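Working notes, structure below.
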Number of protein chains: 4
Amino acid sequence: MNKSENNTSWKEKLHEVIYEADTKEGKLFDVVLLIAIVASIILVMLESVKSFDDKYHNFLNISEWIITILFSIEYILRIISIKKPFKYIFSFYGVIDFLSTIPKYLSIIFVGSHHFAAFRALRLLRVFRILKLARYVGASNKLLLALKASKAKIAVFIFFIVIICIILGTIMYMIEGDEYGFTSIPRSVYWAIVTLTTVGFGDIAPQTPLGQLIASVIMILGYGIIAIPTGIVSSEMTKTTLDINTQTCPTCAAEKHKDKAKHCYNCGSKLN
Amino acid sequence: MNKSENNTSWKEKLHEVIYEADTKEGKLFDVVLLIAIVASIILVMLESVKSFDDKYHNFLNISEWIITILFSIEYILRIISIKKPFKYIFSFYGVIDFLSTIPKYLSIIFVGSHHFAAFRALRLLRVFRILKLARYVGASNKLLLALKASKAKIAVFIFFIVIICIILGTIMYMIEGDEYGFTSIPRSVYWAIVTLTTVGFGDIAPQTPLGQLIASVIMILGYGIIAIPTGIVSSEMTKTTLDINTQTCPTCAAEKHKDKAKHCYNCGSKLN
Amino acid sequence: MNKSENNTSWKEKLHEVIYEADTKEGKLFDVVLLIAIVASIILVMLESVKSFDDKYHNFLNISEWIITILFSIEYILRIISIKKPFKYIFSFYGVIDFLSTIPKYLSIIFVGSHHFAAFRALRLLRVFRILKLARYVGASNKLLLALKASKAKIAVFIFFIVIICIILGTIMYMIEGDEYGFTSIPRSVYWAIVTLTTVGFGDIAPQTPLGQLIASVIMILGYGIIAIPTGIVSSEMTKTTLDINTQTCPTCAAEKHKDKAKHCYNCGSKLN
Amino acid sequence: MNKSENNTSWKEKLHEVIYEADTKEGKLFDVVLLIAIVASIILVMLESVKSFDDKYHNFLNISEWIITILFSIEYILRIISIKKPFKYIFSFYGVIDFLSTIPKYLSIIFVGSHHFAAFRALRLLRVFRILKLARYVGASNKLLLALKASKAKIAVFIFFIVIICIILGTIMYMIEGDEYGFTSIPRSVYWAIVTLTTVGFGDIAPQTPLGQLIASVIMILGYGIIAIPTGIVSSEMTKTTLDINTQTCPTCAAEKHKDKAKHCYNCGSKLN
């Protein structure tokens with residue numbers, strides 16, 4: 001019994017250190033983890049630079065193994081210290097934690113086949129370790145609330161953008177044609193998106209006067225309608241700032257009361 | 001008489017399925033139509049990719065025929081099931097529905113002339129089928145209301161943009177001239193639009209120091225005045241979101257009541 | 001005496017037609033002038049397209065003469081029909097009206113020297129005819145008011161942009177140097193402006209890893225601070241929309257009262 | 001004693017001229033300094049243009065010496081006329097003032113080594129003289145206040161942008177690969193930033209259909225989320241502009257009083 005109690009308290013201590021940041025040890029754990037994540041991302045990036053990988057291959061490989069083992073220990077500790085391990089394993093962070101450690105282990109198994117593209121892709125999964133950082137950003141901040149509130153409007157907006165780009169891309173395909181790089185409708189639609197979003201790579205550019213005229217219309221359109229998502233988010237955030245709440249009047253079901261309203265603006269009955 | 005009654009009810013049933021989405025059948029009809037529209041757009045796009053068309057020409061042709069016949073049936077059913085067919089035929093959606101089915105049939109008539117550019121253009125009319133999707137977006141949503149409210153201001157804004165681009169384009173034509181790609185005023189104006197809207201293709205770029213100086217001015221101008229359409233739509237949407245009117249409470253003089261308010265949010269007395 | 005009266009009334013009639021748009025004739029005059037302005041701009045633009053000018057030189061020349069004479073008549077009539085002609089002649093529109101007619105007449109005088117660049121520039125002055133259109137835009141609309149109100153803030157903003165670009169441009173010149181197109185500081189500053197304003201021509205692009213890192217910082221900076229002019233104009237327009245007035249309290253000189261406030265929010269005394 | 005008094009008053013006079021702008025001499029000093037700063041920046045820029053430096057090397061060198069000596073005198077006078085010289089020397093402006101004069105003097109010492117890159121960098125420190133201009137911009141203006149208020153949100157936003165770019169860059173590296181310019185993950189991340197921020201240089205551009213599809217998603221994403229920083233700053237500035245607090249009138253429960261309100265705008269009773 002004493003042992004079991006001891007065991008429980010040991011687990012609880014571990015839970016506190018890993019899942020919370022109130023204690024000194026909890027904060028230290030978070031700082032070490034943060035450094036490990038950032039270091040591992042830099043390693044993945046440097047490994048992809050051929051000239052660097054040729055020179056420091058051993059250093060990169062050893063560092064990667066150290067970090068992988070560190071993350072594996074973290075993963076196992078997280079499973080041990082939680083009461084419902086499966087809830088963690090199949091949660092968003094659990095999946096990310098698993099995916100960010102497994103590719104390095106697979107590299108021993110597939111050691112002879114390291115030149116397969118499919119395997120290279122697997123190794124790059126390690127870049128998703130960056131999502132572990134999401135733990136350190138308050139999930140309920142106003143910014144995300146404003147975004148969630150305007151989700152439906154933004155979806156309608158993107159839908160319109162895509163429709164406009166398909167139609168304008170098709171028209172440009174008819175006007176410019178093969179000679180000037182508009183070789184197919186998908187490619188022309190791609191160009192229309194590049195232009196409407198004001199990115200403008202310039203790898204494809206209209207050459208005929210009519211094509212340039214329509215391109216001008218697309219650009220002014222894109223320059224103007226960038227105001228729409230901005231307007232949506234701005235007004236949504238202003239609303240959040242001005243404290244309009246989601247209370248509903250118990251008498252007449254009217255909505256959008258001010259945060260401190262005492263009477264319903266619609267029927268005059270008291271709000272609670 | 002029984003037959004006629006039966007007929008009417010049959011038409012009514014059809015009307016319900018096609019024009020409404022309340023019943024189970026109505027929803028099913030909408031889903032099938034949505035899939036058909038998206039599939040047909042993808043077909044038009046793939047057909048324009050030469051390498052794909054060469055390989056799967058027959059598959060594309062047959063799929064296109066199936067979808068065209070499907071849309072034709074839909075078109076005929078819509079005419080049959082509505083009381084005033086001509087109102088539908090000459091409505092926005094009626095014209096779109098007609099234009100999106102006819103090109104495939106014309107391809108049989110003009111079968112010998114399939115290499116004419118004019119005919120290719122006709123076939124591409126099928127891309128407008130995408131506008132059928134507009135049926136599924138609430139036409140009276142707040143986004144469009146805000147846009148309509150700021151229509152006049154946006155027109156004035158675009159008008160100013162065009163004037164600025166014509167003047168700056170002409171100045172750049174004088175400064176840079178033929179050697180650096182500014183071969184004519186329309187081309188220079190096109191470049192000014194590309195630059196002011198922050199698209200920046202880079203197919204034409206100023207090379208002289210003076211030209212680069214003026215280009216810098218255009219860019220900072222464009223970067224600054226993008227704020228104007230955004231400001232217009234933002235303030236318009238904030239107004240719409242807050243539903244604020246200019247009424248004053250006759251009892252306590254409180255202001256900024258909501259548009260539909262019947263009672264003062266402050267003292268609870270009736271508003272008129 | 002009768003004649004003088006007749007004369008006056010004739011001048012008054014003319015004034016009404018030219019300077020006002022209330023009567024039928026006044027509206028007709030405006031429409032004709034509008035068409036002439038747009039036509040003259042198109043003529044200037046087409047003239048600069050060599051292939052077009054070679055083909056239709058005579059047509060362009062004659063059309064230009066017709067429009068120039070039309071504008072000359074308008075200019076003379078405006079001088080005759082106004083009471084204080086010099087006030088008009090030296091007004092903004094008077095100068096524009098003069099500059100837009102004179103270049104064509106000068107082309108006869110300098111007929112032998114039509115290949116001088118200086119003269120070509122003079123001829124292009126005709127493009128400023130487009131500013132005549134400004135007459136038809138209400139000068140006192142809310143848009144311009146909001147812009148005027150935020151003028152000082154926008155100036156500070158542009159000042160900061162220029163300082164940032166000079167510093168970042170100099171740093172890029174040190175890092176990238178001659179080999180990669182950053183041949184001098186002014187050119188590097190030009191590149192920094194191109195990048196910060198998100199235009200991105202791509203004629204100059206960083207090639208060294210460090211240069212690309214700093215370019216990334218510039219781009220994210222530019223992407224982020226575009227919010228500043230937008231925020232300025234948005235809040236200024238929201239203020240205009242929400243009807244905050246410029247009334248000052250007669251008792252304590254407090255400002256920014258709501259449009260319908262009856263008591264000063266500061267000292268509680270009545271506002272008038 | 002008389003001498004000491006004289007000395008003090010002389011120092012006070014100097015302090016007034018240099019650090020304040022109330023007197024006639026103070027204003028003149030500021031104007032001269034402003035001109036010197038702008039001139040010195042132009043000199044640094046022109047010196048970097050090889051063709052210009054070759055022609056006017058002596059002129060540039062002499063002008064630079066005159067300005068450097070002028071700034072040195074200013075620096076010494078600032079130290080003399082202030083009571084706590086070390087506080088100035090180690091202040092932001094003190095360091096800038098020192099760094100902007102020292103490079104020219106170092107050029108005599110390192111005269112034989114003028115082709116060292118490290119020394120060239122030192123000479124370019126003179127460009128930071130532009131920061132001296134910051135003295136003339138009110139440091140406490142509303143714009144900076146709004147920026148400071150939204151600092152935390154903007155940091156979170158930039159953090160998300162970087163994460164998104166690292167993930168999307170890695171995906172593009174897997175899809176496009178070496179052949180199309182995506183030679184390493186850092187380079188692909190750089191491209192993702194170029195695209196997401198709508199800069200779009202075009203030096204690297206996706207060529208595979210799948211790469212172009214993902215590029216389209218990145219562009220629409222970038223076009224949409226530009227709304228977020230704008231929304232943050234807009235709502236923050238609207239709040240600042242309206243000076244609204246969350247106080248409620250104890251007499252009539254009116255809300256949204258201005259920050260400095262002492263009386264309820266509605267009923268005139270005292271607010272606490």
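Residues are named by chain letter and number: chains run A, B, ... in the order of the structure tokens, numbers start at 1 in each chain, and ligands are numbered from 1 in the order shown.
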Using only C-alpha atoms, determine which residues lie at most 8 Å from Ala215 (chain A), disregarding the query and same-chain residues fewer than 3 positions distant; provide the list as a list of chain:residue names.
-> A:Thr195, A:Pro206, A:Gly211, A:Gln212, A:Ile218, A:Met219
If we count only C-alpha atoms, which residues of chain A reach to within 7 Å of chain D? Please list them as a count of residues only.
-> 25
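Our summary of the geometry notes that CA of Val44 (chain B) is positioned 7.3 Å from CA of Leu124 (chain B).
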When distances are computed from only C-alpha atoms, which of D:Leu133, D:Met172, D:Ala36, D:Ala146 shows the smallest separation from Tyr93 (chain D)?
-> D:Leu133
